[in-house]
file start-v8.cif (mmCIF, C-alpha atoms)
data_start
#
loop_
_atom_site.label_atom_id
_atom_site.label_comp_id
_atom_site.auth_asym_id
_atom_site.auth_seq_id
_atom_site.Cartn_x
_atom_site.Cartn_y
_atom_site.Cartn_z
CA MET A 1 112.41 133.03 -3.72
CA ALA A 2 112.30 136.54 -5.20
CA ARG A 3 111.10 137.92 -1.88
CA ARG A 4 114.03 136.29 -0.05
CA THR A 5 116.51 137.80 -2.56
CA SER A 6 114.95 141.25 -2.18
CA SER A 7 114.99 140.93 1.59
CA THR A 8 118.62 139.83 1.56
CA ALA A 9 119.61 142.69 -0.71
CA SER A 10 117.82 145.17 1.53
CA PHE A 11 119.62 143.76 4.58
CA VAL A 12 123.00 144.06 2.87
CA VAL A 13 122.37 147.67 1.84
CA THR A 14 121.20 148.58 5.34
CA THR A 15 124.25 146.91 6.85
CA LEU A 16 126.60 148.78 4.51
CA VAL A 17 124.95 152.09 5.35
CA LEU A 18 125.30 151.40 9.06
CA LEU A 19 128.94 150.41 8.65
CA ALA A 20 129.63 153.55 6.67
CA THR A 21 128.01 155.63 9.39
CA VAL A 22 130.14 153.97 12.06
CA CYS A 23 133.31 154.45 10.00
CA ASP A 24 132.47 158.12 9.41
CA ALA A 25 132.23 158.59 13.18
CA GLN A 26 135.62 157.01 13.82
CA LEU A 27 138.80 158.98 14.27
CA SER A 28 141.92 158.32 12.22
CA SER A 29 145.57 159.24 12.66
CA LYS A 30 145.66 160.01 8.91
CA PHE A 31 142.70 162.36 8.93
CA TYR A 32 144.69 165.41 7.75
CA ASP A 33 147.15 163.63 5.48
CA ARG A 34 145.54 165.10 2.35
CA THR A 35 143.73 168.19 3.61
CA CYS A 36 146.52 169.57 5.83
CA PRO A 37 149.71 167.47 5.66
CA ASN A 38 151.73 170.02 7.63
CA ALA A 39 149.25 170.29 10.51
CA LEU A 40 151.11 168.07 12.98
CA SER A 41 154.55 169.54 12.33
CA THR A 42 153.13 173.05 12.68
CA ILE A 43 151.55 172.23 16.04
CA ARG A 44 154.71 170.46 17.21
CA THR A 45 156.85 173.54 16.53
CA VAL A 46 154.59 175.73 18.67
CA ILE A 47 154.46 173.24 21.54
CA ARG A 48 158.21 172.66 21.60
CA SER A 49 158.78 176.40 21.74
CA ALA A 50 156.28 176.89 24.56
CA VAL A 51 157.72 174.07 26.67
CA SER A 52 161.28 175.21 26.08
CA LYS A 53 160.32 178.60 27.51
CA GLU A 54 158.48 177.08 30.49
CA ARG A 55 158.78 173.39 31.37
CA ARG A 56 155.66 173.61 33.50
CA MET A 57 153.64 174.20 30.34
CA ALA A 58 154.00 170.51 29.43
CA ALA A 59 151.95 169.46 32.44
CA SER A 60 149.48 172.27 31.78
CA LEU A 61 148.80 171.11 28.22
CA ILE A 62 148.31 167.50 29.26
CA ARG A 63 145.91 168.64 31.97
CA LEU A 64 144.06 170.88 29.52
CA HIS A 65 143.36 167.88 27.29
CA PHE A 66 142.21 165.85 30.30
CA HIS A 67 139.85 168.59 31.54
CA ASP A 68 138.47 169.00 28.04
CA CYS A 69 137.72 165.32 27.50
CA PHE A 70 136.01 164.88 30.87
CA VAL A 71 133.33 167.44 29.98
CA GLN A 72 131.13 166.71 26.94
CA GLY A 73 133.94 164.60 25.48
CA CYS A 74 137.06 165.81 23.64
CA ASP A 75 135.41 168.73 21.86
CA ALA A 76 137.44 171.82 22.87
CA SER A 77 134.50 173.07 24.94
CA ILE A 78 136.96 174.07 27.68
CA LEU A 79 138.41 176.73 25.37
CA LEU A 80 135.16 178.66 24.95
CA ASP A 81 134.87 182.00 26.75
CA ASP A 82 131.71 183.33 28.37
CA SER A 83 129.19 184.76 25.95
CA SER A 84 125.49 185.52 25.81
CA SER A 85 124.79 181.85 25.13
CA ILE A 86 127.75 180.15 26.83
CA GLU A 87 128.73 179.80 30.47
CA SER A 88 132.41 179.00 30.19
CA GLU A 89 133.95 175.90 31.73
CA LYS A 90 137.01 178.01 32.50
CA THR A 91 135.27 179.38 35.59
CA ALA A 92 134.37 175.99 37.08
CA LEU A 93 135.97 175.34 40.47
CA GLN A 94 138.37 172.72 39.10
CA ASN A 95 139.51 175.04 36.27
CA VAL A 96 139.48 178.63 37.46
CA ASP A 97 142.95 180.13 38.09
CA SER A 98 144.31 176.62 37.60
CA VAL A 99 144.00 175.28 34.05
CA ARG A 100 146.52 176.92 31.75
CA GLY A 101 147.81 176.71 28.20
CA TYR A 102 144.93 178.42 26.42
CA ASN A 103 147.36 180.91 24.87
CA VAL A 104 149.54 178.11 23.52
CA ILE A 105 146.57 176.44 21.85
CA ASP A 106 145.55 179.80 20.40
CA GLU A 107 149.04 180.25 18.98
CA ALA A 108 149.03 176.77 17.48
CA LYS A 109 145.62 177.42 15.95
CA THR A 110 146.85 180.71 14.44
CA GLU A 111 149.83 178.98 12.84
CA VAL A 112 147.75 176.08 11.51
CA GLU A 113 145.21 178.51 10.05
CA LYS A 114 148.02 180.10 8.05
CA VAL A 115 148.77 176.85 6.25
CA CYS A 116 145.29 175.26 6.20
CA PRO A 117 142.48 177.73 6.90
CA GLY A 118 139.31 176.22 8.32
CA VAL A 119 140.51 172.62 8.27
CA VAL A 120 141.98 171.60 11.64
CA SER A 121 139.77 171.64 14.74
CA CYS A 122 140.74 173.13 18.07
CA ALA A 123 139.85 169.81 19.69
CA ASP A 124 142.45 168.01 17.58
CA ILE A 125 145.04 170.69 18.36
CA VAL A 126 144.48 170.17 22.10
CA ALA A 127 144.92 166.40 21.68
CA VAL A 128 148.09 166.73 19.61
CA ALA A 129 149.50 169.37 21.97
CA ALA A 130 149.19 166.99 24.93
CA ARG A 131 151.16 164.31 23.08
CA ASP A 132 153.86 166.72 21.95
CA ALA A 133 154.12 168.22 25.45
CA SER A 134 154.64 164.80 26.98
CA PHE A 135 157.40 163.93 24.55
CA ALA A 136 159.10 167.30 25.02
CA VAL A 137 159.83 166.53 28.69
CA GLY A 138 160.89 162.91 28.28
CA GLY A 139 157.46 161.33 28.40
CA PRO A 140 156.01 158.88 25.90
CA SER A 141 154.69 159.72 22.48
CA TRP A 142 151.67 158.07 20.89
CA THR A 143 149.66 158.10 17.71
CA VAL A 144 146.89 160.68 18.05
CA ASN A 145 143.58 159.81 16.45
CA LEU A 146 142.25 162.83 14.56
CA GLY A 147 139.04 164.06 13.01
CA ARG A 148 137.30 165.67 15.98
CA SER A 149 135.00 168.60 15.40
CA ASP A 150 134.61 171.49 17.84
CA SER A 151 131.55 171.95 20.01
CA THR A 152 129.31 174.99 19.88
CA THR A 153 128.44 174.62 23.57
CA ALA A 154 130.13 174.31 26.94
CA SER A 155 128.95 173.00 30.31
CA LYS A 156 130.21 174.61 33.47
CA SER A 157 127.82 172.45 35.48
CA GLU A 158 129.24 169.24 34.00
CA ALA A 159 132.77 170.49 34.63
CA THR A 160 131.93 171.19 38.27
CA GLY A 161 130.19 167.85 38.68
CA ASP A 162 132.49 165.52 36.77
CA LEU A 163 136.07 166.77 37.06
CA PRO A 164 138.11 165.33 39.93
CA LEU A 165 138.73 167.39 43.05
CA PHE A 166 141.89 167.43 45.18
CA THR A 167 139.73 166.34 48.12
CA ASP A 168 138.36 163.21 46.39
CA ASP A 169 138.75 159.81 48.04
CA LEU A 170 139.70 156.70 46.08
CA ASP A 171 136.18 155.43 45.47
CA THR A 172 135.09 158.83 44.17
CA LEU A 173 138.05 159.02 41.80
CA ILE A 174 137.42 155.54 40.45
CA SER A 175 133.74 156.39 39.96
CA ARG A 176 134.52 159.61 38.10
CA PHE A 177 136.82 157.79 35.68
CA GLN A 178 134.48 154.83 35.20
CA LYS A 179 131.75 157.30 34.22
CA LYS A 180 133.97 158.27 31.28
CA GLY A 181 134.73 154.68 30.29
CA LEU A 182 138.13 154.60 32.00
CA THR A 183 139.29 151.96 34.47
CA ALA A 184 140.91 152.32 37.88
CA ARG A 185 144.21 151.44 36.23
CA ASP A 186 143.68 154.19 33.65
CA MET A 187 143.02 156.58 36.52
CA VAL A 188 146.27 155.71 38.30
CA THR A 189 148.19 155.83 35.03
CA LEU A 190 146.89 159.27 34.04
CA SER A 191 147.54 160.59 37.54
CA GLY A 192 151.20 159.87 36.86
CA ALA A 193 151.31 163.05 34.78
CA HIS A 194 151.48 164.82 38.14
CA THR A 195 155.17 163.94 38.12
CA ILE A 196 155.69 167.15 36.10
CA GLY A 197 152.85 169.13 37.65
CA GLN A 198 152.50 171.85 40.26
CA ALA A 199 149.78 172.62 42.77
CA GLN A 200 148.57 175.77 44.48
CA CYS A 201 148.97 176.06 48.23
CA PHE A 202 145.25 176.05 48.99
CA THR A 203 144.91 172.57 47.47
CA PHE A 204 147.38 170.94 49.86
CA ARG A 205 147.50 173.25 52.89
CA GLY A 206 145.10 171.10 54.88
CA ARG A 207 147.16 167.99 54.19
CA ILE A 208 150.59 169.32 55.17
CA TYR A 209 149.28 170.95 58.38
CA SER A 210 147.21 167.93 59.40
CA ASN A 211 149.84 165.80 61.21
CA ALA A 212 148.01 162.84 59.68
CA SER A 213 149.46 159.35 59.57
CA ASP A 214 149.37 159.18 55.76
CA ILE A 215 151.98 161.90 55.21
CA ASP A 216 155.70 161.76 55.90
CA ALA A 217 156.50 164.24 58.69
CA GLY A 218 159.73 165.46 57.11
CA PHE A 219 158.04 165.93 53.76
CA ALA A 220 155.20 167.90 55.36
CA SER A 221 157.63 170.08 57.31
CA ASN A 222 159.55 170.87 54.14
CA ARG A 223 156.40 171.86 52.31
CA LEU A 224 155.27 174.21 55.11
CA ARG A 225 157.89 176.74 54.08
CA GLY A 226 156.27 177.35 50.73
CA CYS A 227 152.67 177.29 51.92
CA PRO A 228 151.89 179.58 54.88
CA SER A 229 148.99 178.61 57.11
CA LEU A 230 147.37 182.01 56.71
CA ASN A 231 144.57 181.95 54.15
CA ASN A 232 144.79 184.84 51.73
CA ASN A 233 144.86 185.23 47.98
CA GLU A 234 148.64 185.61 47.75
CA ASN A 235 149.40 182.59 49.92
CA ASP A 236 146.71 180.43 48.36
CA LYS A 237 148.26 180.77 44.91
CA LYS A 238 151.82 179.89 45.92
CA LEU A 239 153.00 176.99 43.77
CA ALA A 240 154.78 173.79 44.72
CA ALA A 241 156.01 170.93 42.55
CA LEU A 242 154.04 167.72 43.01
CA ASP A 243 157.31 165.81 42.62
CA LEU A 244 160.26 167.42 44.40
CA VAL A 245 162.80 164.89 43.13
CA THR A 246 162.59 165.40 39.36
CA PRO A 247 159.89 168.06 38.85
CA ASN A 248 160.82 168.76 35.22
CA SER A 249 161.12 165.20 33.95
CA PHE A 250 158.37 162.79 32.99
CA ASP A 251 159.28 159.71 35.03
CA ASN A 252 157.89 157.35 37.67
CA ASN A 253 159.06 159.24 40.77
CA TYR A 254 155.47 160.29 41.42
CA PHE A 255 154.65 156.69 42.32
CA LYS A 256 157.77 156.25 44.42
CA ASN A 257 156.73 159.34 46.35
CA LEU A 258 153.30 157.88 47.09
CA ILE A 259 154.82 154.73 48.58
CA GLN A 260 156.91 156.98 50.85
CA LYS A 261 153.78 158.92 51.91
CA LYS A 262 154.98 161.96 50.00
CA GLY A 263 151.94 162.61 47.86
CA LEU A 264 151.29 166.34 48.01
CA LEU A 265 147.57 166.21 47.29
CA HIS A 266 145.08 164.10 49.22
CA SER A 267 143.74 162.82 45.89
CA ASP A 268 147.27 161.63 45.05
CA GLN A 269 148.04 159.84 48.28
CA VAL A 270 144.75 157.91 48.28
CA LEU A 271 146.10 155.96 45.31
CA PHE A 272 148.46 154.27 47.78
CA SER A 273 146.62 154.05 51.07
CA GLY A 274 145.80 150.39 51.61
CA GLY A 275 143.22 150.31 48.84
CA SER A 276 142.63 148.56 45.55
CA THR A 277 145.13 150.64 43.56
CA ASP A 278 148.17 150.05 45.80
CA SER A 279 149.43 147.24 43.57
CA ILE A 280 149.29 149.46 40.47
CA VAL A 281 151.29 152.19 42.19
CA SER A 282 153.86 149.61 43.30
CA GLU A 283 154.10 148.21 39.78
CA TYR A 284 154.73 151.63 38.25
CA SER A 285 157.23 152.59 40.93
CA ASN A 286 159.32 149.57 39.96
CA ASN A 287 158.79 149.66 36.21
CA PRO A 288 158.97 153.06 34.47
CA THR A 289 158.72 151.42 31.05
CA THR A 290 155.36 149.87 31.90
CA PHE A 291 154.13 153.20 33.25
CA LYS A 292 155.07 155.11 30.12
CA SER A 293 153.58 152.47 27.84
CA ASP A 294 150.34 152.40 29.84
CA PHE A 295 150.25 156.20 29.96
CA ALA A 296 150.37 156.42 26.17
CA ALA A 297 147.58 153.84 25.86
CA ALA A 298 145.44 155.63 28.47
CA MET A 299 145.88 158.98 26.71
CA ILE A 300 144.70 157.45 23.43
CA LYS A 301 141.72 155.95 25.23
CA MET A 302 140.89 159.24 26.94
CA GLY A 303 141.23 161.11 23.66
CA ASP A 304 138.49 158.93 22.18
CA ILE A 305 135.86 159.96 24.76
CA GLN A 306 132.70 161.11 22.96
CA PRO A 307 134.30 163.03 20.08
CA LEU A 308 132.14 165.10 17.81
CA THR A 309 132.78 164.23 14.17
CA GLY A 310 131.63 165.59 10.85
CA SER A 311 128.56 167.80 10.96
CA ALA A 312 127.98 167.06 14.66
CA GLY A 313 130.35 169.94 15.37
CA ILE A 314 132.15 172.77 13.63
CA ILE A 315 135.70 173.88 12.89
CA ARG A 316 136.20 177.07 14.90
CA LYS A 317 138.30 179.81 13.38
CA ILE A 318 139.10 181.10 16.86
CA CYS A 319 139.24 178.50 19.60
CA SER A 320 137.74 180.70 22.32
CA SER A 321 134.52 181.48 20.49
CA VAL A 322 131.90 180.01 18.19
CA ASN A 323 132.27 181.88 14.94
#

call {"tool": "encode", "arguments": {"input": "start-v8.cif", "output": "structure tokens"}}
result
Amino acid sequence: MARRTSSTASFVVTTLVLLATVCDAQLSSKFYDRTCPNALSTIRTVIRSAVSKERRMAASLIRLHFHDCFVQGCDASILLDDSSSIESEKTALQNVDSVRGYNVIDEAKTEVEKVCPGVVSCADIVAVAARDASFAVGGPSWTVNLGRSDSTTASKSEATGDLPLFTDDLDTLISRFQKKGLTARDMVTLSGAHTIGQAQCFTFRGRIYSNASDIDAGFASNRLRGCPSLNNNENDKKLAALDLVTPNSFDNNYFKNLIQKKGLLHSDQVLFSGGSTDSIVSEYSNNPTTFKSDFAAAMIKMGDIQPLTGSAGIIRKICSSVN
């Protein structure tokens, strides 16, 4: 009888320890309530200012969070510059001369450090910035789970291998997202952020000059003017809005465009091309409320991908370096 009691007690203690470990690894929206109560309002002020100066920055900050979370999890590894021990993710094909907003995150970090030195991680700032950027242009808001630590490493190879490409077909896109624990519906939902995005000419030149059956001829002709056929550095970097109708507003026009064969990128149009995601695109094109609600849920889900917590990471003083 004594042995059974001892065994039971041991089991209970072990269980409690395991539960405590799991809880410690979980994120919480209240993580900074006591240690830095002004953290979120400080970040919000910086993001609102940045977006008011340049509406495009909203899409850039959402994309920055996405490209961070898809490589090593949401750990701010994308912010790290090259060093003797780090090969920066910034130079990966999917990021170089494309991902933006680093300066805005740096500014937010500087302001947060003034009120709470060494408390708030760069990874959490990136996550909060994406939420605030969405809301600043009419998109949804959501409760951001907090408590991420920052990584001390980066992985250019993982960025190159795991981040979506503008040439990806539907099956490849679905596979990339499933690898991160996200569904095909999550993938379509998150792609909806392209409604406020822009793309460089080299990413869609082949599509608009293709005369393919999956692109509206009038739409393609219109886009030719801003994207010359000649390949050179100046032409390649010319920008075009992914949504011509309401390029500065977070809405569901992106999905309406796809149904009309007006997706600028190949990786956009494949979402409505006779495949398994057509019904999701149709649903969002008819119901902006559902899209925004699903987008908020998908951003929360994405923000929970493999976070570092506690001593698994650090709190960087400067987001671009391990210090």

call {"tool": "closest_residue", "arguments": {"input": "start-v8.cif", "among": "A:Ser249, A:Ser29, A:Gln200, A:Ser229", "to": "A:Ala58", "atoms": "all atoms listed in the file"}}
result
A:Ser249

call {"tool": "residues_around", "arguments": {"input": "start-v8.cif", "residues": "stretch 272-277 of chain A", "least_positions_apart": "5", "cutoff": "9 Å", "atoms": "all atoms listed in the file", "output": "PDB file with C-alpha atoms, in the coordinates of the input"}}
result
ATOM      1  CA  LEU A 170     139.700 156.700  46.080  1.00  0.00           C
ATOM      2  CA  ALA A 184     140.910 152.320  37.880  1.00  0.00           C
ATOM      3  CA  ARG A 185     144.210 151.440  36.230  1.00  0.00           C
ATOM      4  CA  VAL A 188     146.270 155.710  38.300  1.00  0.00           C
ATOM      5  CA  ASP A 214     149.370 159.180  55.760  1.00  0.00           C
ATOM      6  CA  PHE A 255     154.650 156.690  42.320  1.00  0.00           C
ATOM      7  CA  LEU A 258     153.300 157.880  47.090  1.00  0.00           C
ATOM      8  CA  ILE A 259     154.820 154.730  48.580  1.00  0.00           C
ATOM      9  CA  LYS A 261     153.780 158.920  51.910  1.00  0.00           C
ATOM     10  CA  SER A 282     153.860 149.610  43.300  1.00  0.00           C
TER      11      SER A 282
END

call {"tool": "resolve_selection", "arguments": {"input": "start-v8.cif", "expression": "the PyMOL selection byres ((chain A and resi 292) around 10)", "output": "list in words"}}
result
Gly138, Gly139, Pro140, Ser141, Thr189, Leu190, Gly192, Ala193, Phe250, Asp251, Asn252, Tyr284, Asn287, Pro288, Thr289, Thr290, Phe291, Ser293, Asp294, Phe295, Ala296, Ala297 and Ala298 of chain A

call {"tool": "closest_atom_pairs", "arguments": {"input": "start-v8.cif", "of": "stretch 163-220 of chain A", "to": "stretch 60-76 of chain A", "cutoff": "10 Å", "atoms": "all atoms listed in the file", "output": "CSV"}}
result
residue,atom,partner,partner_atom,distance
A:Leu163,CA,A:Phe70,CA,6.5
A:Pro164,CA,A:His67,CA,9.2
A:Arg176,CA,A:Phe70,CA,9.1
A:Phe177,CA,A:Phe70,CA,8.6
A:Lys179,CA,A:Phe70,CA,9.3
A:Lys180,CA,A:Phe70,CA,6.9
A:Leu190,CA,A:Phe66,CA,8.9
A:Ser191,CA,A:Arg63,CA,9.9
A:Ala193,CA,A:Ile62,CA,7.7
A:His194,CA,A:Arg63,CA,9.1
A:Ile196,CA,A:Ser60,CA,9.1
A:Gly197,CA,A:Ser60,CA,7.5
A:Gln198,CA,A:Ser60,CA,9.0

call {"tool": "atom_distance", "arguments": {"input": "start-v8.cif", "atom1": "atom CA of A:Ser77", "atom2": "atom CA of A:Asn248"}}
result
28.6 Å

call {"tool": "closest_residue", "arguments": {"input": "start-v8.cif", "among": "A:Asp81, A:Asp243, A:Glu158, A:Glu113", "to": "A:Ala199", "atoms": "all atoms listed in the file"}}
result
A:Asp243

call {"tool": "resolve_selection", "arguments": {"input": "start-v8.cif", "expression": "the PyMOL selection byres ((chain A and resi 236-242) around 12)", "output": "PyMOL selection string"}}
result
chain A and resi 55-56+59+96-98+191-206+219+222-235+243-250+253-255+257-258+262-269

call {"tool": "resolve_selection", "arguments": {"input": "start-v8.cif", "expression": "the PyMOL selection byres ((chain A and resi 312) around 9)", "output": "count of residues only"}}
result
9

call {"tool": "atom_distance", "arguments": {"input": "start-v8.cif", "atom1": "atom CA of A:Gly118", "atom2": "atom CA of A:Ser88"}}
result
23.1 Å

call {"tool": "closest_residue", "arguments": {"input": "start-v8.cif", "among": "A:Ile280, A:Ala212, A:Phe135, A:Arg207", "to": "A:Asp186", "atoms": "only C-alpha atoms"}}
result
A:Ile280

call {"tool": "axis_aligned_box", "arguments": {"input": "start-v8.cif", "around": "stretch 175-188 of chain A", "padding_each_side": "5 Å", "output": "lines of an AutoDock Vina configuration file"}}
result
center_x = 139.0
center_y = 155.5
center_z = 35.1
size_x = 24.5
size_y = 18.2
size_z = 19.7

call {"tool": "closest_residue", "arguments": {"input": "start-v8.cif", "among": "A:Asp169, A:Glu283, A:Asp82, A:Asp106", "to": "A:Ser155", "atoms": "all atoms listed in the file"}}
result
A:Asp82

call {"tool": "closest_residue", "arguments": {"input": "start-v8.cif", "among": "A:Asn103, A:Gln260, A:Thr152, A:Ser49", "to": "A:Ala217", "atoms": "only C-alpha atoms"}}
result
A:Gln260

call {"tool": "residues_near_point", "arguments": {"input": "start-v8.cif", "point": "(154.0, 178.0, 22.4)", "cutoff": "8 Å", "atoms": "only C-alpha atoms", "output": "PyMOL selection string"}}
result
chain A and resi 45-51+103-105+107-108

call {"tool": "closest_residue", "arguments": {"input": "start-v8.cif", "among": "A:Ala123, A:Ala136, A:Ile315, A:Leu40", "to": "A:Lys53", "atoms": "all atoms listed in the file"}}
result
A:Ala136

call {"tool": "residues_around", "arguments": {"input": "start-v8.cif", "residues": "A:Glu89", "least_positions_apart": "5", "cutoff": "7 Å", "atoms": "only C-alpha atoms", "output": "ChimeraX atom specification"}}
result
/A:78,154-156,159

call {"tool": "atom_distance", "arguments": {"input": "start-v8.cif", "atom1": "atom CA of A:Cys36", "atom2": "atom CA of A:Cys116"}}
result
5.8 Å
